[in-house]
Amino acid sequence: MPQIAQTFPYFFLNQGKRRQAVINGNMDIWQRGTPLNAISTLDYTADRWTHYFDGWGGDLNVSKVEVPSAYTEVRRDCQYAMKMEYTAGWTGQTINRFYYLIPDVHYSNGEIMSIGFWMWANRAITLPSFKLRQKFGIGGSPSGTVTIPITTNISVDTTPRYYQFQVIPASTAGKVIGTSADDCLSIDLYMPLNEEFTVYTTGWVINTGDAVLPIVKKSYEETINECYTFYKRFKVLPGNVLAFGQVREADKATAIIYYPKMRLNPPKLTMSTAAYWRVEKGGSLYSVSSITTSLIDDQHVEIVFNTTGGVLAVGDVVAIRASTDAGYRVVDIQAEF
């Protein structure tokens, strides 16, 4: 059955089935910070959203912005939008896409999918294509990616418009899923190549059924807890405490960090390097020479901060602080694709 791709009036939003797939479609949560300037390809920006591009000479700056009060229809459901600014100078681009990954390539089970979003730009531009990719993961011998066109040549200008499209994924019968739990549906919106422009988007809804569901305004707490199933950032300002710990072995301060349950166990842990942490004992700060980490269970990680010089004795209670030089320090726990 061929895919369908067309726009519908906004009042059709009250129809459709109940399987909304998007987390953070209103661009509320930005754990990695904002603005994010001169990002690299494959960088996540707003939680759950990422970008893939090549080329050189220009920058892609991405930030969270408030929807202007004059855009009353957009403001009815969305307070914030993602701003994507492509600066002057781009050359050599052959691909430039903005995308969202839905866990589980079987998400729609053969049903029609409906997709809706708000978008506007600083000038008239044409988005060359919009595609659905069925990705069967890695590990083992998975089936190859299947790409399904949704539409082409989407016109965007300075007037906010709510775009709606429909697509029917290809059957997954007989396909082989990889062993790394990373099979997914990729919703890919392709941007112009080698151009200077700024585009804004928010209010993304993806669901099964023959019409787009209404945009749902969730609380910040509800949305960020959904985001935590994929990514959790502990952000520590200069001089502040990450955690309290205990010395179980001389010159080794051990801290245990709690994190929410994630879609994968074990998740991946990365953190600022040893030079950016200090162990505090009795009001004195000691440098950290190295760090080791180990996952205790699906919600706790043990981090050992190693010092030198015999300053930490077994039984000491210590605090782990970020160094006081410029910039915050992070511990990232992630189960992204």
# chains A, B, ... in the order shown; residues from 1 in each chain; ligands from 1
>>> select_by_dssp(residues="range 169-325 of chain A", states="strand (DSSP E)", output="ChimeraX atom specification")
/A:184-190,197-208,231-236,241-249,252-258,268-271,277-281,284-287,290-297,300-306,317-322
>>> residues_around(residues="range 320-322 of chain A", least_positions_apart="3", cutoff="12 Å", atoms="only C-alpha atoms", output="PDB file with N, CA and C atoms, in the first residue's frame")
ATOM      1  N   PHE A 234      24.013  14.689  35.427  1.00  0.00           N
ATOM      2  CA  PHE A 234      24.276  15.331  36.707  1.00  0.00           C
ATOM      3  C   PHE A 234      25.194  16.507  36.409  1.00  0.00           C
ATOM      4  N   LYS A 235      24.706  17.703  36.615  1.00  0.00           N
ATOM      5  CA  LYS A 235      25.450  18.922  36.292  1.00  0.00           C
ATOM      6  C   LYS A 235      25.875  19.588  37.595  1.00  0.00           C
ATOM      7  N   VAL A 236      27.173  19.766  37.782  1.00  0.00           N
ATOM      8  CA  VAL A 236      27.712  20.282  39.034  1.00  0.00           C
ATOM      9  C   VAL A 236      28.440  21.595  38.750  1.00  0.00           C
ATOM     10  N   LEU A 237      27.985  22.666  39.364  1.00  0.00           N
ATOM     11  CA  LEU A 237      28.607  23.969  39.185  1.00  0.00           C
ATOM     12  C   LEU A 237      29.955  24.032  39.889  1.00  0.00           C
ATOM     13  N   PRO A 238      30.861  24.926  39.466  1.00  0.00           N
ATOM     14  CA  PRO A 238      32.192  25.000  40.078  1.00  0.00           C
ATOM     15  C   PRO A 238      32.132  25.121  41.596  1.00  0.00           C
ATOM     16  N   GLY A 239      32.885  24.253  42.284  1.00  0.00           N
ATOM     17  CA  GLY A 239      32.958  24.272  43.732  1.00  0.00           C
ATOM     18  C   GLY A 239      31.832  23.548  44.443  1.00  0.00           C
ATOM     19  N   ASN A 240      30.805  23.127  43.714  1.00  0.00           N
ATOM     20  CA  ASN A 240      29.669  22.464  44.344  1.00  0.00           C
ATOM     21  C   ASN A 240      29.908  20.962  44.515  1.00  0.00           C
ATOM     22  N   VAL A 241      29.065  20.352  45.352  1.00  0.00           N
ATOM     23  CA  VAL A 241      29.220  18.942  45.697  1.00  0.00           C
ATOM     24  C   VAL A 241      28.451  18.057  44.721  1.00  0.00           C
ATOM     25  N   LEU A 242      29.135  17.048  44.180  1.00  0.00           N
ATOM     26  CA  LEU A 242      28.475  15.994  43.405  1.00  0.00           C
ATOM     27  C   LEU A 242      27.847  14.973  44.338  1.00  0.00           C
ATOM     28  N   ALA A 243      28.603  14.520  45.328  1.00  0.00           N
ATOM     29  CA  ALA A 243      28.119  13.477  46.239  1.00  0.00           C
ATOM     30  C   ALA A 243      29.029  13.428  47.467  1.00  0.00           C
ATOM     31  N   PHE A 244      28.523  12.799  48.502  1.00  0.00           N
ATOM     32  CA  PHE A 244      29.348  12.481  49.666  1.00  0.00           C
ATOM     33  C   PHE A 244      29.770  11.021  49.559  1.00  0.00           C
ATOM     34  N   GLY A 245      30.935  10.715  50.095  1.00  0.00           N
ATOM     35  CA  GLY A 245      31.429   9.357  49.974  1.00  0.00           C
ATOM     36  C   GLY A 245      32.240   8.944  51.177  1.00  0.00           C
ATOM     37  N   GLN A 246      32.819   7.744  51.066  1.00  0.00           N
ATOM     38  CA  GLN A 246      33.609   7.187  52.162  1.00  0.00           C
ATOM     39  C   GLN A 246      34.873   6.558  51.593  1.00  0.00           C
ATOM     40  N   VAL A 247      35.920   6.575  52.407  1.00  0.00           N
ATOM     41  CA  VAL A 247      37.180   5.963  51.999  1.00  0.00           C
ATOM     42  C   VAL A 247      37.169   4.516  52.473  1.00  0.00           C
ATOM     43  N   LYS A 252      41.465   6.250  48.257  1.00  0.00           N
ATOM     44  CA  LYS A 252      40.384   5.975  47.299  1.00  0.00           C
ATOM     45  C   LYS A 252      39.051   6.376  47.928  1.00  0.00           C
ATOM     46  N   ALA A 253      38.472   7.458  47.386  1.00  0.00           N
ATOM     47  CA  ALA A 253      37.176   7.940  47.881  1.00  0.00           C
ATOM     48  C   ALA A 253      36.069   7.367  47.006  1.00  0.00           C
ATOM     49  N   THR A 254      35.136   6.671  47.629  1.00  0.00           N
ATOM     50  CA  THR A 254      34.073   5.998  46.886  1.00  0.00           C
ATOM     51  C   THR A 254      32.745   6.713  47.099  1.00  0.00           C
ATOM     52  N   ALA A 255      32.082   7.040  46.001  1.00  0.00           N
ATOM     53  CA  ALA A 255      30.748   7.643  46.057  1.00  0.00           C
ATOM     54  C   ALA A 255      29.801   6.777  45.230  1.00  0.00           C
ATOM     55  N   ILE A 256      28.571   6.696  45.675  1.00  0.00           N
ATOM     56  CA  ILE A 256      27.548   5.937  44.947  1.00  0.00           C
ATOM     57  C   ILE A 256      26.497   6.911  44.457  1.00  0.00           C
ATOM     58  N   ILE A 257      26.238   6.882  43.144  1.00  0.00           N
ATOM     59  CA  ILE A 257      25.284   7.782  42.498  1.00  0.00           C
ATOM     60  C   ILE A 257      24.046   6.989  42.104  1.00  0.00           C
ATOM     61  N   MET A 271      31.979  10.973  32.157  1.00  0.00           N
ATOM     62  CA  MET A 271      32.025  12.091  33.096  1.00  0.00           C
ATOM     63  C   MET A 271      33.246  12.960  32.821  1.00  0.00           C
ATOM     64  N   SER A 272      33.211  14.164  33.371  1.00  0.00           N
ATOM     65  CA  SER A 272      34.359  15.050  33.253  1.00  0.00           C
ATOM     66  C   SER A 272      35.592  14.370  33.828  1.00  0.00           C
ATOM     67  N   THR A 273      36.753  14.658  33.259  1.00  0.00           N
ATOM     68  CA  THR A 273      37.979  13.955  33.628  1.00  0.00           C
ATOM     69  C   THR A 273      38.428  14.266  35.057  1.00  0.00           C
ATOM     70  N   ALA A 274      39.358  13.453  35.541  1.00  0.00           N
ATOM     71  CA  ALA A 274      39.805  13.535  36.932  1.00  0.00           C
ATOM     72  C   ALA A 274      40.294  14.922  37.319  1.00  0.00           C
ATOM     73  N   ALA A 275      40.918  15.630  36.391  1.00  0.00           N
ATOM     74  CA  ALA A 275      41.481  16.944  36.709  1.00  0.00           C
ATOM     75  C   ALA A 275      40.434  17.952  37.155  1.00  0.00           C
ATOM     76  N   TYR A 276      39.166  17.668  36.862  1.00  0.00           N
ATOM     77  CA  TYR A 276      38.104  18.621  37.173  1.00  0.00           C
ATOM     78  C   TYR A 276      37.340  18.294  38.457  1.00  0.00           C
ATOM     79  N   TRP A 277      37.846  17.335  39.245  1.00  0.00           N
ATOM     80  CA  TRP A 277      37.192  16.975  40.494  1.00  0.00           C
ATOM     81  C   TRP A 277      38.168  17.122  41.661  1.00  0.00           C
ATOM     82  N   ARG A 278      37.618  17.334  42.851  1.00  0.00           N
ATOM     83  CA  ARG A 278      38.401  17.418  44.077  1.00  0.00           C
ATOM     84  C   ARG A 278      37.725  16.578  45.152  1.00  0.00           C
ATOM     85  N   VAL A 279      38.544  16.006  46.033  1.00  0.00           N
ATOM     86  CA  VAL A 279      38.027  15.311  47.211  1.00  0.00           C
ATOM     87  C   VAL A 279      38.256  16.225  48.409  1.00  0.00           C
ATOM     88  N   GLU A 280      37.176  16.506  49.135  1.00  0.00           N
ATOM     89  CA  GLU A 280      37.272  17.380  50.302  1.00  0.00           C
ATOM     90  C   GLU A 280      37.238  16.552  51.578  1.00  0.00           C
ATOM     91  N   LYS A 281      38.220  16.796  52.439  1.00  0.00           N
ATOM     92  CA  LYS A 281      38.289  16.146  53.746  1.00  0.00           C
ATOM     93  C   LYS A 281      38.682  17.191  54.773  1.00  0.00           C
ATOM     94  N   GLY A 283      37.748  20.134  55.315  1.00  0.00           N
ATOM     95  CA  GLY A 283      37.912  21.495  54.808  1.00  0.00           C
ATOM     96  C   GLY A 283      39.053  21.656  53.822  1.00  0.00           C
ATOM     97  N   SER A 284      39.869  20.626  53.627  1.00  0.00           N
ATOM     98  CA  SER A 284      40.963  20.681  52.652  1.00  0.00           C
ATOM     99  C   SER A 284      40.566  19.949  51.372  1.00  0.00           C
ATOM    100  N   LEU A 285      41.036  20.474  50.250  1.00  0.00           N
ATOM    101  CA  LEU A 285      40.725  19.886  48.947  1.00  0.00           C
ATOM    102  C   LEU A 285      41.952  19.180  48.392  1.00  0.00           C
ATOM    103  N   TYR A 286      41.745  17.982  47.841  1.00  0.00           N
ATOM    104  CA  TYR A 286      42.829  17.183  47.299  1.00  0.00           C
ATOM    105  C   TYR A 286      42.533  16.829  45.846  1.00  0.00           C
ATOM    106  N   SER A 287      43.552  16.881  45.012  1.00  0.00           N
ATOM    107  CA  SER A 287      43.410  16.582  43.591  1.00  0.00           C
ATOM    108  C   SER A 287      43.094  15.101  43.378  1.00  0.00           C
ATOM    109  N   VAL A 288      42.430  14.823  42.261  1.00  0.00           N
ATOM    110  CA  VAL A 288      42.092  13.450  41.878  1.00  0.00           C
ATOM    111  C   VAL A 288      42.999  13.041  40.727  1.00  0.00           C
ATOM    112  N   ILE A 291      39.971   8.163  37.891  1.00  0.00           N
ATOM    113  CA  ILE A 291      38.615   7.789  38.282  1.00  0.00           C
ATOM    114  C   ILE A 291      38.307   6.418  37.710  1.00  0.00           C
ATOM    115  N   ILE A 303      31.500   5.211  41.891  1.00  0.00           N
ATOM    116  CA  ILE A 303      32.588   5.988  41.310  1.00  0.00           C
ATOM    117  C   ILE A 303      33.690   6.119  42.357  1.00  0.00           C
ATOM    118  N   VAL A 304      34.895   5.699  41.986  1.00  0.00           N
ATOM    119  CA  VAL A 304      36.041   5.775  42.893  1.00  0.00           C
ATOM    120  C   VAL A 304      36.973   6.874  42.399  1.00  0.00           C
ATOM    121  N   PHE A 305      37.228   7.858  43.268  1.00  0.00           N
ATOM    122  CA  PHE A 305      38.117   8.976  42.978  1.00  0.00           C
ATOM    123  C   PHE A 305      39.453   8.699  43.663  1.00  0.00           C
ATOM    124  N   ASN A 306      40.476   8.457  42.874  1.00  0.00           N
ATOM    125  CA  ASN A 306      41.788   8.074  43.399  1.00  0.00           C
ATOM    126  C   ASN A 306      42.650   9.304  43.639  1.00  0.00           C
ATOM    127  N   THR A 307      43.244   9.372  44.813  1.00  0.00           N
ATOM    128  CA  THR A 307      44.183  10.457  45.157  1.00  0.00           C
ATOM    129  C   THR A 307      45.556   9.847  45.433  1.00  0.00           C
ATOM    130  N   VAL A 317      35.093  10.189  55.930  1.00  0.00           N
ATOM    131  CA  VAL A 317      33.914  10.634  55.171  1.00  0.00           C
ATOM    132  C   VAL A 317      34.319  11.885  54.398  1.00  0.00           C
ATOM    133  N   ASP A 325      37.549  26.170  38.889  1.00  0.00           N
ATOM    134  CA  ASP A 325      37.823  26.928  37.675  1.00  0.00           C
ATOM    135  C   ASP A 325      36.561  27.000  36.820  1.00  0.00           C
ATOM    136  N   ALA A 326      36.598  27.774  35.763  1.00  0.00           N
ATOM    137  CA  ALA A 326      35.392  28.081  34.986  1.00  0.00           C
ATOM    138  C   ALA A 326      34.762  26.823  34.404  1.00  0.00           C
ATOM    139  N   GLY A 327      33.431  26.825  34.326  1.00  0.00           N
ATOM    140  CA  GLY A 327      32.701  25.745  33.685  1.00  0.00           C
ATOM    141  C   GLY A 327      32.172  24.714  34.658  1.00  0.00           C
ATOM    142  N   TYR A 328      31.002  24.173  34.346  1.00  0.00           N
ATOM    143  CA  TYR A 328      30.421  23.135  35.189  1.00  0.00           C
ATOM    144  C   TYR A 328      30.977  21.767  34.807  1.00  0.00           C
ATOM    145  N   ARG A 329      30.811  20.801  35.713  1.00  0.00           N
ATOM    146  CA  ARG A 329      31.260  19.437  35.490  1.00  0.00           C
ATOM    147  C   ARG A 329      30.052  18.518  35.382  1.00  0.00           C
ATOM    148  N   VAL A 330      30.228  17.401  34.684  1.00  0.00           N
ATOM    149  CA  VAL A 330      29.062  16.553  34.438  1.00  0.00           C
ATOM    150  C   VAL A 330      29.393  15.094  34.683  1.00  0.00           C
ATOM    151  N   VAL A 331      28.336  14.359  35.018  1.00  0.00           N
ATOM    152  CA  VAL A 331      28.301  12.913  34.949  1.00  0.00           C
ATOM    153  C   VAL A 331      27.115  12.567  34.066  1.00  0.00           C
TER     154      VAL A 331
END
>>> residues_around(residues="range 191-199 of chain A", least_positions_apart="4", cutoff="12 Å", atoms="only C-alpha atoms", output="PyMOL selection string")
chain A and resi 51-63+65+81-99+118-131+152-160
>>> closest_residue(among="A:Val67, A:Leu264, A:Ile150, A:Val311", to="Asp28 in chain A", atoms="only C-alpha atoms")
A:Val67
>>> select_by_dssp(residues="range 190-262 of chain A", states="helix (DSSP H, G or I)", output="number ranges by chain")
A: 220-227
>>> closest_residue(among="A:Thr201, A:Thr50, A:Thr292, A:Ser219", to="Arg161 in chain A", atoms="only C-alpha atoms")
A:Thr201
>>> residues_around(residues="Pro266 in chain A", least_positions_apart="6", cutoff="9 Å", atoms="only C-alpha atoms", output="mmCIF file with N, CA, C and O atoms, in the first residue's frame")
data_model
loop_
_atom_site.group_PDB
_atom_site.id
_atom_site.type_symbol
_atom_site.label_atom_id
_atom_site.label_comp_id
_atom_site.auth_asym_id
_atom_site.auth_seq_id
_atom_site.Cartn_x
_atom_site.Cartn_y
_atom_site.Cartn_z
ATOM 1 N N LEU A 295 29.075 -0.273 37.575
ATOM 2 C CA LEU A 295 27.633 -0.287 37.820
ATOM 3 C C LEU A 295 27.310 -1.342 38.869
ATOM 4 O O LEU A 295 27.716 -2.508 38.748
ATOM 5 N N ASP A 297 23.960 -1.906 40.102
ATOM 6 C CA ASP A 297 22.718 -2.513 39.630
ATOM 7 C C ASP A 297 22.122 -1.557 38.608
ATOM 8 O O ASP A 297 22.823 -0.685 38.086
ATOM 9 N N ASP A 298 20.823 -1.715 38.297
ATOM 10 C CA ASP A 298 20.246 -0.912 37.217
ATOM 11 C C ASP A 298 19.858 0.507 37.648
ATOM 12 O O ASP A 298 19.262 1.249 36.859
ATOM 13 N N ALA A 335 21.378 5.905 27.704
ATOM 14 C CA ALA A 335 20.941 4.686 27.021
ATOM 15 C C ALA A 335 20.355 5.086 25.668
ATOM 16 O O ALA A 335 19.327 4.578 25.241
#
